[in-house]
Structure formats: C-alpha cells, structure tokens
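Reproduced below: run12.txt, with compact mmCIF, C-alpha atoms and all ligand atoms.
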```txt
# COMPACT_ATOMS: atom_id res chain seq x y z
CA MET A 18 0.00 0.00 0.00
CA VAL A 19 1.32 3.48 -0.91
CA THR A 20 0.52 6.27 1.56
CA MET A 21 0.73 9.92 0.61
CA ARG A 22 0.82 11.35 4.10
CA SER A 23 2.20 10.37 7.48
CA LEU A 24 0.38 7.76 9.57
CA LYS A 25 -0.28 9.10 13.07
CA THR A 26 -2.90 6.91 14.76
CA PRO A 27 -3.37 3.20 15.49
CA GLU A 28 -6.44 3.29 13.21
CA GLU A 29 -4.29 4.56 10.32
CA LEU A 30 -1.70 1.86 11.03
CA LEU A 31 -4.47 -0.75 10.93
CA ALA A 32 -5.80 0.59 7.62
CA ALA A 33 -2.25 0.42 6.24
CA GLU A 34 -2.02 -3.22 7.39
CA LEU A 35 0.92 -2.46 9.67
CA ILE A 36 -0.82 -3.76 12.79
CA ASP A 37 -3.48 -6.39 13.48
CA HIS A 38 -6.93 -5.58 14.76
CA ASP A 39 -6.29 -7.33 18.07
CA MET A 40 -3.46 -4.84 18.81
CA LEU A 41 -5.70 -1.80 18.51
CA ASP A 42 -6.77 -1.33 22.13
CA ALA A 43 -3.26 -1.65 23.55
CA LEU A 44 -1.83 0.68 20.91
CA ARG A 45 -4.52 3.27 21.62
CA THR A 46 -3.18 3.30 25.19
CA VAL A 47 0.40 3.62 23.86
CA ALA A 48 -0.76 6.50 21.65
CA ASP A 49 -2.19 8.29 24.71
CA HIS A 50 1.35 8.40 26.13
CA TYR A 51 3.69 8.64 23.16
CA ALA A 52 3.34 10.25 19.73
CA ILE A 53 3.18 8.15 16.57
CA ALA A 54 4.28 9.20 13.08
CA LEU A 55 5.54 7.25 10.09
CA THR A 56 6.27 9.21 6.92
CA PRO A 57 5.36 7.73 3.51
CA THR A 58 9.08 7.04 2.98
CA VAL A 59 9.27 4.99 6.19
CA VAL A 60 6.06 3.13 5.38
CA SER A 61 7.45 2.22 1.94
CA LEU A 62 10.58 0.77 3.60
CA ILE A 63 8.69 -1.64 5.82
CA ASP A 64 8.68 -5.27 4.74
CA ARG A 65 5.25 -6.51 5.84
CA SER A 66 6.22 -10.11 5.11
CA ASP A 67 8.86 -9.95 7.86
CA GLU A 68 7.32 -9.95 11.32
CA ASN A 69 10.71 -8.90 12.71
CA ASP A 70 11.28 -6.14 10.19
CA PRO A 71 13.92 -3.76 11.65
CA ILE A 72 12.29 -0.68 10.12
CA ALA A 73 8.83 -1.50 11.48
CA ARG A 74 10.35 -2.21 14.89
CA GLN A 75 11.75 1.33 15.08
CA PHE A 76 8.54 3.16 14.16
CA VAL A 77 5.43 0.99 14.60
CA PRO A 78 4.26 1.18 18.25
CA ASP A 79 4.30 -1.96 20.38
CA ALA A 80 2.28 -2.96 23.45
CA ALA A 81 5.65 -3.56 25.18
CA GLU A 82 5.90 0.24 25.50
CA LEU A 83 3.30 0.04 28.26
CA VAL A 84 5.86 -1.73 30.50
CA THR A 85 8.06 0.68 32.44
CA THR A 86 10.91 -0.69 34.54
CA THR A 87 12.18 0.80 37.80
CA ALA A 88 15.48 1.82 36.15
CA GLU A 89 13.72 3.89 33.48
CA ARG A 90 13.34 7.65 33.79
CA GLU A 91 11.20 10.30 32.11
CA ASP A 92 14.30 12.41 31.43
CA PRO A 93 16.94 9.66 31.04
CA ILE A 94 19.86 11.89 30.06
CA GLY A 95 19.02 14.67 32.51
CA ASP A 96 18.28 17.58 30.16
CA ALA A 97 16.14 19.37 32.74
CA ALA A 98 18.98 19.53 35.28
CA HIS A 99 21.03 21.63 32.86
CA SER A 100 18.39 23.88 31.31
CA PRO A 101 18.95 27.50 32.39
CA VAL A 102 16.23 28.84 30.06
CA LYS A 103 13.57 27.12 27.97
CA GLY A 104 15.05 25.50 24.86
CA ILE A 105 18.68 25.50 26.11
CA VAL A 106 20.60 22.60 27.68
CA HIS A 107 24.04 23.69 28.89
CA ARG A 108 25.79 20.53 30.08
CA TYR A 109 29.37 21.15 28.92
CA PRO A 110 31.18 24.50 29.12
CA ASP A 111 31.84 25.02 25.40
CA ARG A 112 28.55 23.94 23.86
CA VAL A 113 24.79 24.08 24.29
CA LEU A 114 21.79 22.31 22.88
CA LEU A 115 19.24 24.62 21.29
CA LYS A 116 15.90 22.84 21.17
CA ALA A 117 13.79 25.17 19.05
CA VAL A 118 11.20 22.58 18.15
CA HIS A 119 9.82 19.48 19.86
CA VAL A 120 8.16 17.73 16.96
CA CYS A 121 9.68 15.18 14.58
CA PRO A 122 8.69 13.80 11.18
CA VAL A 123 8.70 10.32 12.74
CA TYR A 124 8.49 9.17 16.35
CA CYS A 125 11.09 6.53 17.14
CA ARG A 126 9.71 4.03 19.63
CA PHE A 127 12.97 4.06 21.65
CA CYS A 128 13.34 7.87 21.74
CA PHE A 129 15.24 9.15 24.78
CA ARG A 130 13.16 12.36 24.72
CA ARG A 131 9.85 10.60 24.17
CA GLU A 132 8.28 12.38 27.14
CA MET A 133 9.12 15.77 25.63
CA VAL A 134 8.61 15.35 21.87
CA GLY A 135 5.40 15.13 19.91
CA PRO A 136 2.25 17.21 19.59
CA GLN A 137 1.64 16.79 23.33
CA GLY A 138 5.25 17.69 24.15
CA ASP A 139 6.99 20.96 24.92
CA GLY A 140 5.98 22.63 21.60
CA THR A 141 8.01 25.03 19.50
CA LEU A 142 9.76 27.99 21.10
CA SER A 143 7.75 31.19 20.77
CA PRO A 144 9.57 34.19 19.23
CA HIS A 145 10.11 35.56 22.75
CA GLU A 146 11.41 32.20 24.08
CA LEU A 147 13.74 31.88 21.09
CA GLU A 148 15.09 35.38 21.69
CA THR A 149 15.66 34.51 25.39
CA ALA A 150 17.53 31.35 24.34
CA LEU A 151 19.67 33.29 21.84
CA ASP A 152 20.34 35.90 24.50
CA TYR A 153 21.64 33.17 26.85
CA ILE A 154 24.07 32.06 24.12
CA ARG A 155 25.04 35.71 23.50
CA ARG A 156 25.83 36.30 27.19
CA ASN A 157 27.97 33.17 27.62
CA ASN A 158 31.03 33.73 25.53
CA GLN A 159 32.56 30.32 26.28
CA ILE A 160 29.90 28.76 24.01
CA TRP A 161 31.77 27.71 20.87
CA GLU A 162 29.25 25.24 19.44
CA VAL A 163 25.46 25.27 19.24
CA ILE A 164 23.80 21.89 18.67
CA LEU A 165 20.35 22.25 17.15
CA THR A 166 18.24 19.32 18.17
CA GLY A 167 14.84 18.80 19.64
CA GLY A 168 12.67 17.36 18.15
CA ASP A 169 14.09 17.50 14.67
CA PRO A 170 15.19 21.02 13.71
CA LEU A 171 14.95 20.30 9.99
CA VAL A 172 11.16 20.12 10.21
CA LEU A 173 11.20 23.91 10.57
CA SER A 174 10.38 25.87 7.43
CA PRO A 175 13.34 27.41 5.56
CA ARG A 176 12.02 30.83 6.60
CA ARG A 177 12.13 29.98 10.32
CA LEU A 178 15.45 28.18 10.02
CA ALA A 179 16.95 31.18 8.23
CA ALA A 180 15.73 33.47 11.03
CA ILE A 181 17.45 31.28 13.65
CA MET A 182 20.60 31.13 11.53
CA ARG A 183 20.69 34.90 11.24
CA GLY A 184 20.24 35.20 15.01
CA LEU A 185 23.24 32.93 15.57
CA ALA A 186 25.27 34.68 12.84
CA ALA A 187 25.45 37.77 15.03
CA ILE A 188 27.13 35.91 17.94
CA ASP A 189 30.87 36.06 17.26
CA HIS A 190 32.02 33.51 19.85
CA VAL A 191 29.83 30.77 18.30
CA LYS A 192 31.90 29.14 15.58
CA ILE A 193 30.15 25.81 14.94
CA LEU A 194 26.50 24.90 14.40
CA ARG A 195 25.53 21.25 14.45
CA PHE A 196 22.13 19.88 13.39
CA HIS A 197 20.91 16.51 14.63
CA THR A 198 18.32 15.12 12.26
CA ARG A 199 16.53 12.13 10.81
CA VAL A 200 14.98 14.14 7.95
CA PRO A 201 17.39 13.09 5.14
CA VAL A 202 16.36 9.46 5.78
CA VAL A 203 12.66 9.75 6.58
CA GLU A 204 11.68 12.74 4.43
CA PRO A 205 14.53 13.19 1.93
CA ASP A 206 12.68 15.59 -0.40
CA ARG A 207 12.68 18.17 2.38
CA ILE A 208 16.42 18.65 1.80
CA ASP A 209 15.99 21.05 -1.08
CA ALA A 210 17.69 24.22 -2.28
CA ALA A 211 15.58 26.46 -0.02
CA LEU A 212 16.46 24.49 3.12
CA ILE A 213 20.16 24.38 2.21
CA ASP A 214 20.13 28.11 1.53
CA ALA A 215 18.55 28.68 4.96
CA LEU A 216 21.31 26.66 6.66
CA LYS A 217 23.91 28.85 4.97
CA GLN A 218 22.45 32.07 6.39
CA SER A 219 24.62 32.01 9.52
CA GLY A 220 27.92 32.10 7.64
CA LYS A 221 29.22 29.68 10.33
CA VAL A 222 30.60 26.18 9.91
CA VAL A 223 27.57 23.87 9.81
CA TYR A 224 27.81 20.15 10.61
CA VAL A 225 24.92 17.75 10.16
CA ALA A 226 24.62 14.61 12.34
CA LEU A 227 22.39 12.02 10.70
CA HIS A 228 20.47 9.57 12.89
CA ALA A 229 20.04 6.19 11.15
CA ASN A 230 20.04 2.69 12.61
CA HIS A 231 19.89 0.24 9.71
CA ALA A 232 21.49 0.21 6.24
CA ARG A 233 18.04 -0.13 4.65
CA GLU A 234 17.34 3.44 5.78
CA MET A 235 20.17 4.61 3.52
CA THR A 236 18.10 4.46 0.32
CA SER A 237 19.22 6.10 -2.91
CA GLN A 238 16.93 9.06 -2.04
CA ALA A 239 18.44 9.35 1.44
CA ARG A 240 21.96 9.17 0.03
CA ALA A 241 21.07 11.84 -2.56
CA ALA A 242 19.70 14.12 0.18
CA CYS A 243 22.93 13.70 2.18
CA THR A 244 25.00 14.32 -0.95
CA ARG A 245 23.16 17.62 -1.48
CA MET A 246 24.17 18.68 2.02
CA VAL A 247 27.78 17.51 1.81
CA ASP A 248 28.15 19.16 -1.62
CA ALA A 249 26.74 22.36 -0.10
CA GLY A 250 29.67 22.37 2.32
CA PHE A 251 28.13 20.76 5.43
CA PRO A 252 30.33 17.94 6.75
CA MET A 253 28.22 15.04 8.03
CA VAL A 254 28.64 12.63 10.92
CA SER A 255 26.40 9.79 12.02
CA GLN A 256 24.64 8.74 15.18
CA THR A 257 23.13 5.31 15.66
CA VAL A 258 21.30 3.81 18.62
CA LEU A 259 22.17 0.20 19.36
CA LEU A 260 18.80 -1.57 19.43
CA ARG A 261 17.75 -5.13 20.15
CA GLY A 262 16.09 -6.57 17.04
CA VAL A 263 17.22 -3.73 14.79
CA ASN A 264 21.00 -3.64 14.59
CA ASP A 265 22.37 -5.92 17.35
CA ASP A 266 24.30 -7.92 14.78
CA PRO A 267 27.87 -7.33 13.52
CA ALA A 268 26.91 -7.72 9.83
CA VAL A 269 24.00 -5.27 10.16
CA LEU A 270 26.17 -2.72 11.95
CA SER A 271 28.98 -3.18 9.39
CA ASP A 272 26.61 -2.58 6.48
CA LEU A 273 25.27 0.57 8.14
CA MET A 274 28.70 2.03 8.92
CA LYS A 275 29.88 1.30 5.38
CA ALA A 276 26.74 2.93 3.96
CA PHE A 277 27.57 6.06 5.97
CA VAL A 278 31.15 6.21 4.74
CA GLU A 279 30.07 5.59 1.13
CA THR A 280 27.81 8.65 1.53
CA ARG A 281 30.69 10.78 2.93
CA ILE A 282 29.26 10.59 6.45
CA LYS A 283 31.84 9.87 9.13
CA PRO A 284 30.53 7.37 11.72
CA TYR A 285 30.49 9.25 15.02
CA TYR A 286 28.42 7.87 17.89
CA LEU A 287 26.99 4.43 18.53
CA HIS A 288 24.68 5.09 21.50
CA HIS A 289 23.88 2.51 24.10
CA PRO A 290 20.06 2.68 24.40
CA ASP A 291 18.96 5.11 27.10
CA LEU A 292 16.74 4.25 30.06
CA ALA A 293 13.68 5.85 28.45
CA PRO A 294 10.25 4.71 29.70
CA GLY A 295 8.73 1.70 27.95
CA THR A 296 11.85 0.82 25.96
CA SER A 297 13.23 -2.23 27.78
CA HIS A 298 12.40 -4.46 24.79
CA PHE A 299 15.02 -2.52 22.80
CA ARG A 300 17.81 -2.70 25.35
CA LEU A 301 20.76 -5.02 25.36
CA GLY A 302 23.55 -5.40 27.85
CA ILE A 303 26.66 -3.26 27.80
CA ASP A 304 28.64 -6.51 27.52
CA GLU A 305 26.70 -7.38 24.35
CA GLY A 306 27.34 -3.91 22.93
CA GLN A 307 31.05 -4.19 23.69
CA LYS A 308 31.22 -7.51 21.83
CA LEU A 309 29.50 -6.00 18.80
CA VAL A 310 31.89 -3.06 18.74
CA SER A 311 34.86 -5.41 19.07
CA ALA A 312 33.52 -7.42 16.13
CA LEU A 313 33.56 -4.29 13.96
CA ARG A 314 37.20 -3.63 14.76
CA GLY A 315 39.45 -5.42 12.29
CA ASN A 316 36.54 -6.43 10.07
CA ILE A 317 35.78 -3.04 8.55
CA SER A 318 37.90 -0.01 7.80
CA GLY A 319 39.00 2.32 10.57
CA LEU A 320 36.98 4.99 8.76
CA CYS A 321 33.84 3.00 9.59
CA GLN A 322 34.42 2.73 13.36
CA PRO A 323 31.94 4.59 15.60
CA THR A 324 32.57 5.48 19.23
CA TYR A 325 30.39 3.45 21.60
CA VAL A 326 28.95 5.75 24.28
CA LEU A 327 26.22 6.05 26.83
CA ASP A 328 24.62 9.08 28.42
CA ILE A 329 25.00 8.89 32.17
CA PRO A 330 21.60 9.28 33.87
CA GLY A 331 21.19 12.49 35.83
CA GLY A 332 22.74 14.73 33.18
CA HIS A 333 26.40 13.86 33.77
CA GLY A 334 27.12 13.69 30.04
CA LYS A 335 28.55 10.96 27.85
CA ALA A 336 30.90 8.13 28.77
CA VAL A 337 32.83 6.06 26.25
CA ILE A 338 32.05 2.40 27.02
CA GLY A 339 34.24 0.36 24.71
CA GLU A 340 35.67 -2.78 26.32
CA THR A 341 38.57 -0.90 27.87
CA ALA A 342 36.49 2.09 29.01
CA ALA A 343 33.66 0.65 31.15
CA ARG A 344 34.61 -1.57 34.10
CA ARG A 345 32.26 -4.12 35.61
CA GLU A 346 32.21 -4.20 39.41
CA ASP A 347 29.69 -5.69 41.89
CA GLY A 348 27.18 -6.52 39.16
CA CYS A 349 27.19 -2.95 37.84
CA TYR A 350 29.36 -0.98 35.44
CA SER A 351 31.58 1.84 36.56
CA VAL A 352 31.78 4.60 33.98
CA SER A 353 33.62 7.92 34.06
CA ASP A 354 32.23 11.26 32.98
CA PHE A 355 34.24 14.00 31.30
CA ARG A 356 35.26 15.43 34.70
CA GLY A 357 36.77 12.09 35.76
CA GLU A 358 33.98 11.35 38.24
CA THR A 359 32.76 7.76 38.25
CA HIS A 360 29.14 6.64 38.17
CA ARG A 361 27.40 3.31 38.55
CA TYR A 362 25.29 2.08 35.62
CA PRO A 363 23.05 -1.03 35.55
CA PRO A 364 24.22 -3.86 33.27
CA LYS A 365 20.95 -3.79 31.32
S1 LIG B 1 13.78 11.80 15.53
FE1 LIG B 1 15.09 11.91 17.38
S2 LIG B 1 13.95 13.24 18.83
FE2 LIG B 1 12.51 12.55 17.23
S3 LIG B 1 11.54 10.70 18.03
FE3 LIG B 1 13.31 10.01 16.83
S4 LIG B 1 14.98 9.88 18.34
FE4 LIG B 1 13.37 11.12 19.28
```
Written as structure tokens, how would this file's structure read?
Amino acid sequence: MVTMRSLKTPEELLAAELIDHDMLDALRTVADHYAIALTPTVVSLIDRSDENDPIARQFVPDAAELVTTTAEREDPIGDAAHSPVKGIVHRYPDRVLLKAVHVCPVYCRFCFRREMVGPQGDGTLSPHELETALDYIRRNNQIWEVILTGGDPLVLSPRRLAAIMRGLAAIDHVKILRFHTRVPVVEPDRIDAALIDALKQSGKVVYVALHANHAREMTSQARAACTRMVDAGFPMVSQTVLLRGVNDDPAVLSDLMKAFVETRIKPYYLHHPDLAPGTSHFRLGIDEGQKLVSALRGNISGLCQPTYVLDIPGGHGKAVIGETAARREDGCYSVSDFRGETHRYPPK
C-alpha cells in the first residue's frame, strides 16, 4: 500500500495493514502516552512479510511500550537539570543544545526524549522564548558550538530556520552549528535548495549529524539528500542507537557504517540505548554492545568505526564504554564522565 501522508494513529496503522486488529486497544493506550508518526518514505521501507522487520520495529508502536521498569526515567539523560532557560541545555562548558522545536517527522519508539517530543510535548519555542535562548548564548562567551536538536530542527520551514541562523550569525564567539536530524532518511525531499540556503544564512561552519540505525534506511533518495548537504559544504557525521532486534548484529552494523562512509558521512556515535520509559524491549547489555563493537574492529575499515557511548543518567554527560572504558564491578558498570567522576550504571 502506498501512503501519501504520514500515519499518526493506530487506526491509520491498521488501515495500512501495519498492525493487526487485536493490537488496537493496547496501541490506543500507547498513543495516549507517546506520539506516533511514520512518513510515507518509512512506510514504503517496511517489509510486511517480515514480522521482525527492523524498520517497522523502530517506528510501529508496540504494546511492550506500556511496560516501564524501575530503572527507566522520564528524562533519562538529565536535560532538565542543565536547562537555564527554555530551549537551552548547557551541560558542557563550550557547547549548548538549542531545542527550538519538539516535533519530529517520525516518532522513534525508543526515543530518549519521548516524554518531551510530539504534539503533546513541549511545543516550539515562541519568538520571545527563542530570543531569550539566543540571549543566553550571547551572554555566555565560552559557548563555541550550538547543537540544534529537539525534536528535529529540519522540520522547521526554511524561513524559520533562516531566522534562527541569522540570530546565531550575530554571535561572534559561536563558531560551529551542528544539526541533529533524521529528515534526510525519513523525508529526503525536504532537503531542497531552499532548506540548504537557509542553513547557509549564519555564515558559520555547519555540521549535520544524521540519525540512522539500519542500512536499509540509507536508500538512494536518502543518500542523494545527504550528498546535497555535503556538496553544499556541510560535513556530516552519524549517530546510531544500538537496538535489540534492529541492529544488534555485527553484519547489520557493518553494512550501516559502510553505507555512511560511502555517503561521505563519518561514523560518530553508537549510542547505548537510554533508560527511556517503555523501551526495555530494545535494550541489550553493555557486555553485548562491547562484543558488537569489538567485532567491527578489524573487520571493517577504521573509517567505519563509531565510538560506543552512553549518556550517564542524571545529566552527567557521555561516557565512552568500549571494552577498555567501562569496568564491571559488583554486578554494575563503573563509567567515568568527562570530569573524571565515576558513576554506577546497571548492566541492562
Ligand atoms: S527523531 Fe530523534 S527526537 Fe525525534 S523521536 Fe526520533 S529519536 Fe526522538
């Protein structure tokens, strides 16, 4: 079935034959908690003949999302603890997150910000809130990099993006802008000349971090959208979430990392899945992740190697958790944050 618009309700998923009728009640309850959206591109990628399809698993809701474990948290990476004004997260001295928008073209079932994104989430910054956020960046001259995330910042219209870019252009101490996005994969036609022109309005160095988790997401249209951005002068890096049933396999991860490099995207982060509510069916152990990362080493080019990291709950930032970086003690892992402080992290 070909859809022309995004699917956003369990009823639409049923009509598109992506769920069975007996799942409807449970998924209505899921939909009351967490937003649903699958773009036509994502729907076309799903293999309905495969009940374990890794694309469907990422985007089609599951009754397992109704199970929340005691380790899970509404704000698993601790954004709120480091938010001085609405829309800003200032965790590290030299960089901030600017979350101008809290909607996405798709809603990933494992999202670490699932309590904040979506139509019922924190919304889009008003002009006044955006000005307050820009003013915070203006007043803190140690901020060298602004990371535009959300939500997905590339859902903003070129006109609104250009306005934000011009606001940042006037802040001399900001040298780097980085966009985190899924748009080139899930809505590739949105990466057009108008959007690229908007991203150039700051005159700053612009990086784009693409979120993709399986090589099948890197379609010819997605690769063409990324090529338009790289050719426009925006270096690209990747971010991938390690997910049970999606990419917890050395061959799948190898194909994905190679697809990135073939598209001139440097593999950057491989994220251990966060402790987001209702996502335990996606999680695997740190020991399993370390084995997968070790399997990549030696089998594929050094260019293809991502850095395996986790976000320490409570807002302590990222820790590298390759086999030599995360120690197991007393049934838990001991991980270090960027200040050298150690934290305990559950094995699963
Ligand atoms: S695109 Fe990013 S922010 Fe949006 S639902 Fe997916 S993981 Fe979450």
Practice task
Enumerate as a count of residues only the residues within 8 Å of ligand LIG 1 (chain B), counting all atoms listed in the file.
Solution key: 23
Exercise for the section: Skip Gly184 of chain A itself and residues of its chain fewer than 5 positions away, then list as a PyMOL selection string all residues within 9 Å of it, counting all atoms listed in the file. Expected result: chain A and resi 148+151+179+219
Exercise for the section: Can you work out the spacing between atom CA of Ala343 of chain A and atom CA of Pro290 of chain A in Å, to one decimal? Expected result: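 Value for the atom CA of Ala343 of chain A-atom CA of Pro290 of chain A distance: 15.3 Å.
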Exercise for the section: Check the smallest atom-to-atom distance from each of A:Arg108, A:Lys192, A:Lys103, A:Arg245 to Tyr153 of chain A using all atoms listed in the file, then report the winner. Expected result: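 Once distances to Tyr153 of chain A are computed over all atoms listed in the file, the minimum belongs to A:Lys103.
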Practice task
Fewer than 6 positions away in the same chain doesn't count, so skip those; otherwise give me all residues within 12 Å of Ala97 of chain A, counting all atoms listed in the file, as number ranges by chain.
Solution key: A: 91, 103-108, 114, 130, 132-133, 330-333
Handout entry: Nearest residue to Ile338 of chain A from the set A:Arg183, A:Lys308, A:Lys221, A:Arg176 (distances using only C-alpha atoms)
Key =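 Nearest candidate to Ile338 of chain A out of A:Arg183, A:Lys308, A:Lys221, A:Arg176: A:Lys308.
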Practice task
Would you kindly return, as a list in words, each protein, DNA or RNA residue with an atom no farther than 8 Å from any atom of Trp161 of chain A, considering only C-alpha atoms and excluding same-chain residues fewer than 5 positions away?
Solution key: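 Listing them by chain and then by number gives Asp111, Arg112, His190, Val191, Lys192 and Ile193 of chain A.
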Exercise for the section: For segment 234-241 of chain A, work out the shell of residues within 10 Å, counting only C-alpha atoms and skipping chain neighbours fewer than 3 positions away, then give it as a list in words. Expected result: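 The filter keeps Thr58, Val59, Leu62, Pro71, Ile72, Arg199, Val200, Pro201, Val202, Val203, Glu204, Pro205, Asp206, Ile208, His228, Ala229, Asn230, His231, Thr244, Arg245, Met246, Val247, Leu273, Ala276, Phe277, Glu279, Thr280, Arg281 and Ile282 of chain A.
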Exercise for the section: Kindly give the distance, in Å, that separates atom CA of Glu89 of chain A and atom CA of Val258 of chain A, rounded to a single decimal. Expected result: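 About the pair atom CA of Glu89 of chain A and atom CA of Val258 of chain A: they are 16.7 Å apart.
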Problem - Distance of atom CA of Thr86 of chain A from atom CA of Gly306 of chain A, expressed in Å to one decimal place - result: 20.4 Å
Exercise for the section: Tell me which of A:Thr46, A:Gln75, A:Gln137, A:Thr87 sits closest to Leu260 of chain A, counting only C-alpha atoms. Expected result: A:Gln75
Practice task
Rank A:Ala48, A:Ala43, A:Ile36, A:Leu227 by their smallest atom-to-atom distance to Leu287 of chain A, using all atoms listed in the file, and report the top residue only.
Solution key: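 Distance minimum relative to Leu287 of chain A lands on A:Leu227.
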Problem - Of the listed residues A:Leu327, A:Leu31, A:Ala211, A:Ala150, that which approaches Tyr286 of chain A most closely, counting all atoms listed in the file - result: A:Leu327
Excluding Lys275 of chain A and any residue of its chain fewer than 4 positions from it, enumerate the residues within 10 Å of it, using all atoms listed in the file, and give them as a PDB file with C-alpha atoms, keeping the file's coordinate frame.
```
ATOM      1  CA  ALA A 232      21.490   0.210   6.240  1.00  0.00           C
ATOM      2  CA  LEU A 270      26.170  -2.720  11.950  1.00  0.00           C
ATOM      3  CA  SER A 271      28.980  -3.180   9.390  1.00  0.00           C
ATOM      4  CA  GLU A 279      30.070   5.590   1.130  1.00  0.00           C
ATOM      5  CA  THR A 280      27.810   8.650   1.530  1.00  0.00           C
ATOM      6  CA  ARG A 281      30.690  10.780   2.930  1.00  0.00           C
ATOM      7  CA  ILE A 282      29.260  10.590   6.450  1.00  0.00           C
ATOM      8  CA  LYS A 283      31.840   9.870   9.130  1.00  0.00           C
ATOM      9  CA  PRO A 284      30.530   7.370  11.720  1.00  0.00           C
ATOM     10  CA  ILE A 317      35.780  -3.040   8.550  1.00  0.00           C
ATOM     11  CA  SER A 318      37.900  -0.010   7.800  1.00  0.00           C
ATOM     12  CA  LEU A 320      36.980   4.990   8.760  1.00  0.00           C
ATOM     13  CA  CYS A 321      33.840   3.000   9.590  1.00  0.00           C
ATOM     14  CA  GLN A 322      34.420   2.730  13.360  1.00  0.00           C
TER      15      GLN A 322
END
```
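Between Gly339 of chain A and the candidates A:His288, A:His38, A:Lys365, A:Arg177, the tightest atom-to-atom separation, counting only C-alpha atoms, involves A:His288.
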Using the structure block above, produce a file of segment 129-143 of chain A that contains N, CA and C atoms, as a compact mmCIF listing (two decimals), in the first residue's frame.
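Result went into selection33.txt, see below:
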```txt
# COMPACT_ATOMS: atom_id res chain seq x y z
N PHE A 129 14.83 8.78 23.42
CA PHE A 129 15.24 9.15 24.78
C PHE A 129 14.54 10.42 25.24
N ARG A 130 13.92 11.16 24.31
CA ARG A 130 13.16 12.36 24.72
C ARG A 130 11.67 12.14 24.48
N ARG A 131 11.22 10.89 24.56
CA ARG A 131 9.85 10.60 24.17
C ARG A 131 8.82 11.29 25.06
N GLU A 132 9.21 11.67 26.27
CA GLU A 132 8.28 12.38 27.14
C GLU A 132 8.17 13.86 26.76
N MET A 133 9.09 14.34 25.94
CA MET A 133 9.12 15.77 25.63
C MET A 133 8.71 16.06 24.19
N VAL A 134 8.87 15.07 23.28
CA VAL A 134 8.61 15.35 21.87
C VAL A 134 7.20 14.90 21.50
N GLY A 135 6.73 15.49 20.40
CA GLY A 135 5.40 15.13 19.91
C GLY A 135 4.44 16.27 20.08
N PRO A 136 3.24 16.13 19.50
CA PRO A 136 2.25 17.21 19.59
C PRO A 136 1.89 17.55 21.03
N GLN A 137 1.98 16.54 21.93
CA GLN A 137 1.64 16.79 23.33
C GLN A 137 2.86 17.23 24.14
N GLY A 138 3.99 17.39 23.46
CA GLY A 138 5.25 17.69 24.15
C GLY A 138 5.43 19.17 24.45
N ASP A 139 6.68 19.60 24.47
CA ASP A 139 6.99 20.96 24.92
C ASP A 139 6.76 22.04 23.85
N GLY A 140 6.31 21.65 22.64
CA GLY A 140 5.98 22.63 21.60
C GLY A 140 7.21 23.26 20.97
N THR A 141 6.94 24.29 20.19
CA THR A 141 8.01 25.03 19.50
C THR A 141 8.24 26.31 20.28
N LEU A 142 9.49 26.76 20.36
CA LEU A 142 9.76 27.99 21.10
C LEU A 142 9.02 29.16 20.45
N SER A 143 8.39 29.98 21.29
CA SER A 143 7.75 31.19 20.77
C SER A 143 8.85 32.17 20.37
```
